[in-house]
Amino acid sequence: MAKPGYGKRSALAQQPRTHDDFALLPTRERYVAGFVDHLPDGAAMSVKQLAKQLPLYGQQAIGTALKALSVAGHLRRVRCSVGAGDETRWVFRTFWSRTARDNEWWTTYLATEDASRTAAPAEPPAPTAVPETESPAPVSVLRQRTPPEAASDTAPPTAPPAAPAAPAGPAAPAAPPAPAARPAAFSPAYLALAELGRKDIRLALSADDCAALEPQAAAWFARGVDADYLIAALTAGLPAQVDCPPRFVRRRLADKIPPHRPAGHSSPGTSAPAPSPARRLLVECTDCGRPGLPEALPDGLCRPCRVAHTESQQATSPGPTEIAAVKAHMANLRDLLKAP
């Protein structure tokens, strides 16, 4: 088997396997095609690896057979780029079709295969939450949830009255309400403010400070800046000591807010980044390995290799007269060597 990403790839819409597959091919090509057809997807398809597994033929014979299978419409060798960002890696694949295809079919199929690779993968649907059946609460829980007033109303009349309580002092102040919990997903403005303390300890803000200053920071983001710009503007030129970081940040957010930028405006001397070209499959010449677009390599061969292949096919074998003349000449040479 080849490394992940390399090796054999079976084409779609092939006819079922029969005993008469590749019957019109020569013996060597039929033998190699039958072996390749039974290989699983991902199997190594280099000439060297195939020659190791087919002892009847060497590497040169295997390469010639693969070229003939490419001309017959059974395979195409391609290279495609993989990787993300600045990293680019080329992998080599051999698309195989048990059913012989013409050049138009291969061009359309490889274009479809390329489109499916370059398209962004669809996000999987979110799993549907199965609603849990709420079981009835136990009786004890229901009793615990009964308010004290209701409990006193339902108490039996024969219950002895409670002893009079001692006069209470001044009422204790009510506890302040608990602050509302922050949502799980924070806004970019909130996260940028929270990052200030990590960039410079003099601007460390609490969670409440970030929540209070979040609307002012969001106004910066609405004018087209990002978190790095905001953090750099707020931390530039700080004094030796900041007595009140929240007040200092609030003042800077108001004084250094950037201007509005019209849509589509770019800085002088800069141009908008060009969109990265879509990655395409490049077909390789089955004989010499020269890459090109599918429509530029009919029969999977480049122009020089296709011309050479055509000329070799047009070359006729010697006739009976020529064969007899060669045999007579060789016999004459042997007789001369035997003479004293």
# chains A, B, ... in the order shown; residues from 1 in each chain; ligands from 1

call {"tool": "select_by_dssp", "arguments": {"residues": "segment 52-94 of chain A", "states": "alpha helix (DSSP H)", "output": "list in words"}}
result
Lys52, Gln53, Gln59, Gln60, Ala61, Ile62, Gly63, Thr64, Ala65, Leu66, Lys67, Ala68, Leu69, Ser70 and Val71 of chain A

call {"tool": "write_last_selection", "arguments": {"atoms": "C-alpha atoms", "output": "JSON list (two decimals), in the first residue's frame"}}
result
[["chain", "number", "residue", "atom", "x", "y", "z"],
["A", 52, "LYS", "CA", 8.39, -6.14, -7.83],
["A", 53, "GLN", "CA", 4.97, -7.79, -7.75],
["A", 59, "GLN", "CA", 10.31, -1.88, -15.02],
["A", 60, "GLN", "CA", 10.65, -0.82, -18.63],
["A", 61, "ALA", "CA", 8.02, -3.32, -19.78],
["A", 62, "ILE", "CA", 5.67, -2.25, -16.98],
["A", 63, "GLY", "CA", 6.09, 1.41, -17.94],
["A", 64, "THR", "CA", 5.31, 0.64, -21.57],
["A", 65, "ALA", "CA", 2.23, -1.35, -20.55],
["A", 66, "LEU", "CA", 0.94, 1.48, -18.37],
["A", 67, "LYS", "CA", 1.39, 3.91, -21.25],
["A", 68, "ALA", "CA", -0.62, 1.60, -23.50],
["A", 69, "LEU", "CA", -3.35, 1.33, -20.83],
["A", 70, "SER", "CA", -3.47, 5.10, -20.62],
["A", 71, "VAL", "CA", -3.92, 5.40, -24.39]]

call {"tool": "residues_around", "arguments": {"residues": "Arg290 of chain A", "least_positions_apart": "3", "cutoff": "8 Å", "atoms": "only C-alpha atoms", "output": "PyMOL selection string"}}
result
chain A and resi 284-285+302

call {"tool": "write_last_selection", "arguments": {"atoms": "N, CA and C atoms", "output": "compact mmCIF listing (two decimals), in the first residue's frame"}}
result
# COMPACT_ATOMS: atom_id res chain seq x y z
N GLU A 284 -0.59 13.98 -15.22
CA GLU A 284 0.80 13.70 -15.56
C GLU A 284 0.86 12.86 -16.82
N CYS A 285 1.84 13.14 -17.65
CA CYS A 285 2.07 12.27 -18.79
C CYS A 285 2.47 10.89 -18.27
N CYS A 302 1.74 13.64 -23.14
CA CYS A 302 2.07 14.95 -23.66
C CYS A 302 2.32 14.85 -25.17

call {"tool": "atom_distance", "arguments": {"atom1": "atom CA of Lys338 of chain A", "atom2": "atom CA of Ala324 of chain A"}}
result
21.3 Å

call {"tool": "atom_distance", "arguments": {"atom1": "atom CA of Thr321 of chain A", "atom2": "atom CA of His309 of chain A"}}
result
26.7 Å

call {"tool": "atom_distance", "arguments": {"atom1": "atom CA of Ala254 of chain A", "atom2": "atom CA of Lys199 of chain A"}}
result
20.4 Å

call {"tool": "residues_around", "arguments": {"residues": "segment 224-229 of chain A", "least_positions_apart": "5", "cutoff": "8 Å", "atoms": "only C-alpha atoms", "output": "PyMOL selection string"}}
result
chain A and resi 188-189+192+260-261

call {"tool": "residues_around", "arguments": {"residues": "segment 35-49 of chain A", "least_positions_apart": "3", "cutoff": "8 Å", "atoms": "only C-alpha atoms", "output": "list in words"}}
result
Met1, Ala2, Lys3, Pro4, Gly5, Tyr6, Gly7, Lys8, Arg9, Ser10, Tyr31, Val32, Lys52, Gln53, Gln59, Ile62, Gly63, Thr94, Trp96 and Arg98 of chain A

call {"tool": "residues_around", "arguments": {"residues": "Phe95 of chain A", "least_positions_apart": "2", "cutoff": "8 Å", "atoms": "only C-alpha atoms", "output": "compact mmCIF listing (two decimals) with N, CA and C atoms, in the first residue's frame"}}
result
# COMPACT_ATOMS: atom_id res chain seq x y z
N LYS A 8 -3.59 4.17 -5.92
CA LYS A 8 -4.69 3.93 -6.85
C LYS A 8 -5.98 4.54 -6.34
N ARG A 9 -6.77 5.07 -7.28
CA ARG A 9 -8.10 5.57 -7.00
C ARG A 9 -9.04 5.04 -8.08
N SER A 10 -10.07 4.34 -7.70
CA SER A 10 -11.00 3.77 -8.67
C SER A 10 -11.99 4.83 -9.13
N ALA A 11 -12.21 4.90 -10.43
CA ALA A 11 -13.18 5.84 -10.99
C ALA A 11 -14.59 5.32 -10.76
N LEU A 75 -6.59 4.42 -17.51
CA LEU A 75 -5.99 5.08 -16.36
C LEU A 75 -5.54 6.49 -16.73
N ARG A 76 -5.42 7.32 -15.69
CA ARG A 76 -4.83 8.65 -15.77
C ARG A 76 -4.03 8.88 -14.51
N ARG A 77 -2.82 9.37 -14.68
CA ARG A 77 -1.99 9.73 -13.55
C ARG A 77 -2.11 11.22 -13.30
N VAL A 78 -2.33 11.62 -12.05
CA VAL A 78 -2.53 13.02 -11.70
C VAL A 78 -1.68 13.35 -10.49
N ARG A 93 -1.53 10.41 -7.67
CA ARG A 93 -2.57 9.39 -7.67
C ARG A 93 -2.75 8.85 -9.08
N SER A 97 -9.92 2.93 -14.32
CA SER A 97 -11.26 2.58 -14.76
C SER A 97 -11.19 1.25 -15.51

call {"tool": "residues_around", "arguments": {"residues": "segment 230-233 of chain A", "least_positions_apart": "6", "cutoff": "8 Å", "atoms": "only C-alpha atoms", "output": "list in words"}}
result
Ala192, Leu193, Glu195, Leu196, Ala217, Trp220 and Lys256 of chain A

call {"tool": "closest_residue", "arguments": {"among": "A:Ala296, A:Tyr57, A:Ala51, A:Val283", "to": "Thr27 of chain A", "atoms": "only C-alpha atoms"}}
result
A:Tyr57

call {"tool": "residues_around", "arguments": {"residues": "Arg247 of chain A", "least_positions_apart": "6", "cutoff": "12 Å", "atoms": "only C-alpha atoms", "output": "JSON, numbers by chain"}}
result
{"A": [203, 204, 205, 209, 210, 212, 213, 253, 254]}

call {"tool": "decode", "arguments": {"residues": "segment 49-90 of chain A", "atoms": "N, CA and C atoms", "output": "PDB file, in the first residue's frame"}}
result
ATOM      1  N   GLN A  49       7.268  -0.508  -7.894  1.00  0.00           N
ATOM      2  CA  GLN A  49       6.489  -1.401  -7.030  1.00  0.00           C
ATOM      3  C   GLN A  49       5.736  -2.444  -7.843  1.00  0.00           C
ATOM      4  N   LEU A  50       5.200  -2.059  -9.001  1.00  0.00           N
ATOM      5  CA  LEU A  50       4.498  -3.036  -9.823  1.00  0.00           C
ATOM      6  C   LEU A  50       5.454  -4.083 -10.380  1.00  0.00           C
ATOM      7  N   ALA A  51       6.669  -3.667 -10.735  1.00  0.00           N
ATOM      8  CA  ALA A  51       7.647  -4.636 -11.243  1.00  0.00           C
ATOM      9  C   ALA A  51       8.052  -5.631 -10.168  1.00  0.00           C
ATOM     10  N   LYS A  52       8.062  -5.212  -8.906  1.00  0.00           N
ATOM     11  CA  LYS A  52       8.387  -6.144  -7.834  1.00  0.00           C
ATOM     12  C   LYS A  52       7.311  -7.212  -7.675  1.00  0.00           C
ATOM     13  N   GLN A  53       6.062  -6.847  -7.939  1.00  0.00           N
ATOM     14  CA  GLN A  53       4.966  -7.786  -7.747  1.00  0.00           C
ATOM     15  C   GLN A  53       4.633  -8.576  -9.010  1.00  0.00           C
ATOM     16  N   LEU A  54       5.163  -8.157 -10.143  1.00  0.00           N
ATOM     17  CA  LEU A  54       4.934  -8.865 -11.405  1.00  0.00           C
ATOM     18  C   LEU A  54       6.289  -9.354 -11.929  1.00  0.00           C
ATOM     19  N   PRO A  55       6.726 -10.533 -11.535  1.00  0.00           N
ATOM     20  CA  PRO A  55       8.075 -10.991 -11.904  1.00  0.00           C
ATOM     21  C   PRO A  55       8.244 -11.293 -13.389  1.00  0.00           C
ATOM     22  N   LEU A  56       7.148 -11.390 -14.143  1.00  0.00           N
ATOM     23  CA  LEU A  56       7.286 -11.714 -15.559  1.00  0.00           C
ATOM     24  C   LEU A  56       7.857 -10.561 -16.372  1.00  0.00           C
ATOM     25  N   TYR A  57       7.730  -9.326 -15.874  1.00  0.00           N
ATOM     26  CA  TYR A  57       8.138  -8.160 -16.646  1.00  0.00           C
ATOM     27  C   TYR A  57       8.984  -7.245 -15.780  1.00  0.00           C
ATOM     28  N   GLY A  58       9.903  -6.537 -16.418  1.00  0.00           N
ATOM     29  CA  GLY A  58      10.737  -5.569 -15.726  1.00  0.00           C
ATOM     30  C   GLY A  58      10.089  -4.194 -15.699  1.00  0.00           C
ATOM     31  N   GLN A  59      10.850  -3.225 -15.171  1.00  0.00           N
ATOM     32  CA  GLN A  59      10.307  -1.882 -15.018  1.00  0.00           C
ATOM     33  C   GLN A  59      10.014  -1.232 -16.369  1.00  0.00           C
ATOM     34  N   GLN A  60      10.874  -1.433 -17.333  1.00  0.00           N
ATOM     35  CA  GLN A  60      10.646  -0.817 -18.631  1.00  0.00           C
ATOM     36  C   GLN A  60       9.389  -1.397 -19.292  1.00  0.00           C
ATOM     37  N   ALA A  61       9.211  -2.703 -19.197  1.00  0.00           N
ATOM     38  CA  ALA A  61       8.019  -3.318 -19.782  1.00  0.00           C
ATOM     39  C   ALA A  61       6.756  -2.862 -19.054  1.00  0.00           C
ATOM     40  N   ILE A  62       6.825  -2.721 -17.727  1.00  0.00           N
ATOM     41  CA  ILE A  62       5.667  -2.253 -16.979  1.00  0.00           C
ATOM     42  C   ILE A  62       5.326  -0.820 -17.377  1.00  0.00           C
ATOM     43  N   GLY A  63       6.346   0.044 -17.528  1.00  0.00           N
ATOM     44  CA  GLY A  63       6.089   1.415 -17.935  1.00  0.00           C
ATOM     45  C   GLY A  63       5.447   1.494 -19.312  1.00  0.00           C
ATOM     46  N   THR A  64       5.910   0.652 -20.239  1.00  0.00           N
ATOM     47  CA  THR A  64       5.312   0.637 -21.573  1.00  0.00           C
ATOM     48  C   THR A  64       3.870   0.141 -21.526  1.00  0.00           C
ATOM     49  N   ALA A  65       3.600  -0.842 -20.667  1.00  0.00           N
ATOM     50  CA  ALA A  65       2.232  -1.347 -20.551  1.00  0.00           C
ATOM     51  C   ALA A  65       1.296  -0.299 -19.959  1.00  0.00           C
ATOM     52  N   LEU A  66       1.769   0.429 -18.954  1.00  0.00           N
ATOM     53  CA  LEU A  66       0.940   1.479 -18.372  1.00  0.00           C
ATOM     54  C   LEU A  66       0.654   2.588 -19.380  1.00  0.00           C
ATOM     55  N   LYS A  67       1.627   2.899 -20.214  1.00  0.00           N
ATOM     56  CA  LYS A  67       1.390   3.907 -21.250  1.00  0.00           C
ATOM     57  C   LYS A  67       0.333   3.418 -22.229  1.00  0.00           C
ATOM     58  N   ALA A  68       0.388   2.142 -22.601  1.00  0.00           N
ATOM     59  CA  ALA A  68      -0.625   1.600 -23.501  1.00  0.00           C
ATOM     60  C   ALA A  68      -2.004   1.587 -22.843  1.00  0.00           C
ATOM     61  N   LEU A  69      -2.065   1.305 -21.538  1.00  0.00           N
ATOM     62  CA  LEU A  69      -3.351   1.330 -20.834  1.00  0.00           C
ATOM     63  C   LEU A  69      -3.906   2.747 -20.731  1.00  0.00           C
ATOM     64  N   SER A  70      -3.021   3.719 -20.627  1.00  0.00           N
ATOM     65  CA  SER A  70      -3.471   5.103 -20.620  1.00  0.00           C
ATOM     66  C   SER A  70      -4.061   5.496 -21.964  1.00  0.00           C
ATOM     67  N   VAL A  71      -3.399   5.092 -23.059  1.00  0.00           N
ATOM     68  CA  VAL A  71      -3.918   5.395 -24.390  1.00  0.00           C
ATOM     69  C   VAL A  71      -5.242   4.671 -24.619  1.00  0.00           C
ATOM     70  N   ALA A  72      -5.375   3.463 -24.064  1.00  0.00           N
ATOM     71  CA  ALA A  72      -6.617   2.711 -24.220  1.00  0.00           C
ATOM     72  C   ALA A  72      -7.758   3.261 -23.377  1.00  0.00           C
ATOM     73  N   GLY A  73      -7.484   4.216 -22.466  1.00  0.00           N
ATOM     74  CA  GLY A  73      -8.545   4.847 -21.690  1.00  0.00           C
ATOM     75  C   GLY A  73      -8.819   4.230 -20.352  1.00  0.00           C
ATOM     76  N   HIS A  74      -7.869   3.464 -19.802  1.00  0.00           N
ATOM     77  CA  HIS A  74      -8.105   2.787 -18.529  1.00  0.00           C
ATOM     78  C   HIS A  74      -7.527   3.540 -17.336  1.00  0.00           C
ATOM     79  N   LEU A  75      -6.586   4.419 -17.513  1.00  0.00           N
ATOM     80  CA  LEU A  75      -5.991   5.084 -16.361  1.00  0.00           C
ATOM     81  C   LEU A  75      -5.538   6.491 -16.728  1.00  0.00           C
ATOM     82  N   ARG A  76      -5.416   7.325 -15.690  1.00  0.00           N
ATOM     83  CA  ARG A  76      -4.826   8.653 -15.773  1.00  0.00           C
ATOM     84  C   ARG A  76      -4.028   8.884 -14.507  1.00  0.00           C
ATOM     85  N   ARG A  77      -2.823   9.372 -14.683  1.00  0.00           N
ATOM     86  CA  ARG A  77      -1.989   9.733 -13.550  1.00  0.00           C
ATOM     87  C   ARG A  77      -2.108  11.225 -13.301  1.00  0.00           C
ATOM     88  N   VAL A  78      -2.332  11.618 -12.048  1.00  0.00           N
ATOM     89  CA  VAL A  78      -2.532  13.018 -11.705  1.00  0.00           C
ATOM     90  C   VAL A  78      -1.684  13.349 -10.487  1.00  0.00           C
ATOM     91  N   ARG A  79      -1.449  14.622 -10.315  1.00  0.00           N
ATOM     92  CA  ARG A  79      -0.839  15.141  -9.097  1.00  0.00           C
ATOM     93  C   ARG A  79      -1.739  16.252  -8.581  1.00  0.00           C
ATOM     94  N   CYS A  80      -1.913  16.325  -7.262  1.00  0.00           N
ATOM     95  CA  CYS A  80      -2.774  17.329  -6.668  1.00  0.00           C
ATOM     96  C   CYS A  80      -2.095  17.857  -5.414  1.00  0.00           C
ATOM     97  N   SER A  81      -2.312  19.144  -5.145  1.00  0.00           N
ATOM     98  CA  SER A  81      -1.685  19.804  -4.004  1.00  0.00           C
ATOM     99  C   SER A  81      -2.577  19.664  -2.784  1.00  0.00           C
ATOM    100  N   VAL A  82      -1.959  19.408  -1.665  1.00  0.00           N
ATOM    101  CA  VAL A  82      -2.661  19.320  -0.392  1.00  0.00           C
ATOM    102  C   VAL A  82      -1.903  20.179   0.596  1.00  0.00           C
ATOM    103  N   GLY A  83      -2.542  20.445   1.723  1.00  0.00           N
ATOM    104  CA  GLY A  83      -1.925  21.285   2.741  1.00  0.00           C
ATOM    105  C   GLY A  83      -2.758  22.520   2.971  1.00  0.00           C
ATOM    106  N   ALA A  84      -2.413  23.244   4.014  1.00  0.00           N
ATOM    107  CA  ALA A  84      -3.137  24.452   4.393  1.00  0.00           C
ATOM    108  C   ALA A  84      -2.144  25.574   4.626  1.00  0.00           C
ATOM    109  N   GLY A  85      -2.574  26.807   4.325  1.00  0.00           N
ATOM    110  CA  GLY A  85      -1.721  27.965   4.542  1.00  0.00           C
ATOM    111  C   GLY A  85      -0.574  28.002   3.553  1.00  0.00           C
ATOM    112  N   ASP A  86       0.615  28.330   4.077  1.00  0.00           N
ATOM    113  CA  ASP A  86       1.792  28.425   3.223  1.00  0.00           C
ATOM    114  C   ASP A  86       2.389  27.064   2.894  1.00  0.00           C
ATOM    115  N   GLU A  87       1.958  26.026   3.577  1.00  0.00           N
ATOM    116  CA  GLU A  87       2.512  24.697   3.335  1.00  0.00           C
ATOM    117  C   GLU A  87       1.767  24.031   2.176  1.00  0.00           C
ATOM    118  N   THR A  88       2.520  23.595   1.189  1.00  0.00           N
ATOM    119  CA  THR A  88       1.947  22.919   0.027  1.00  0.00           C
ATOM    120  C   THR A  88       2.706  21.629  -0.205  1.00  0.00           C
ATOM    121  N   ARG A  89       1.977  20.568  -0.377  1.00  0.00           N
ATOM    122  CA  ARG A  89       2.591  19.258  -0.626  1.00  0.00           C
ATOM    123  C   ARG A  89       1.844  18.615  -1.784  1.00  0.00           C
ATOM    124  N   TRP A  90       2.594  18.015  -2.688  1.00  0.00           N
ATOM    125  CA  TRP A  90       2.017  17.380  -3.865  1.00  0.00           C
ATOM    126  C   TRP A  90       1.939  15.881  -3.641  1.00  0.00           C
TER     127      TRP A  90
END
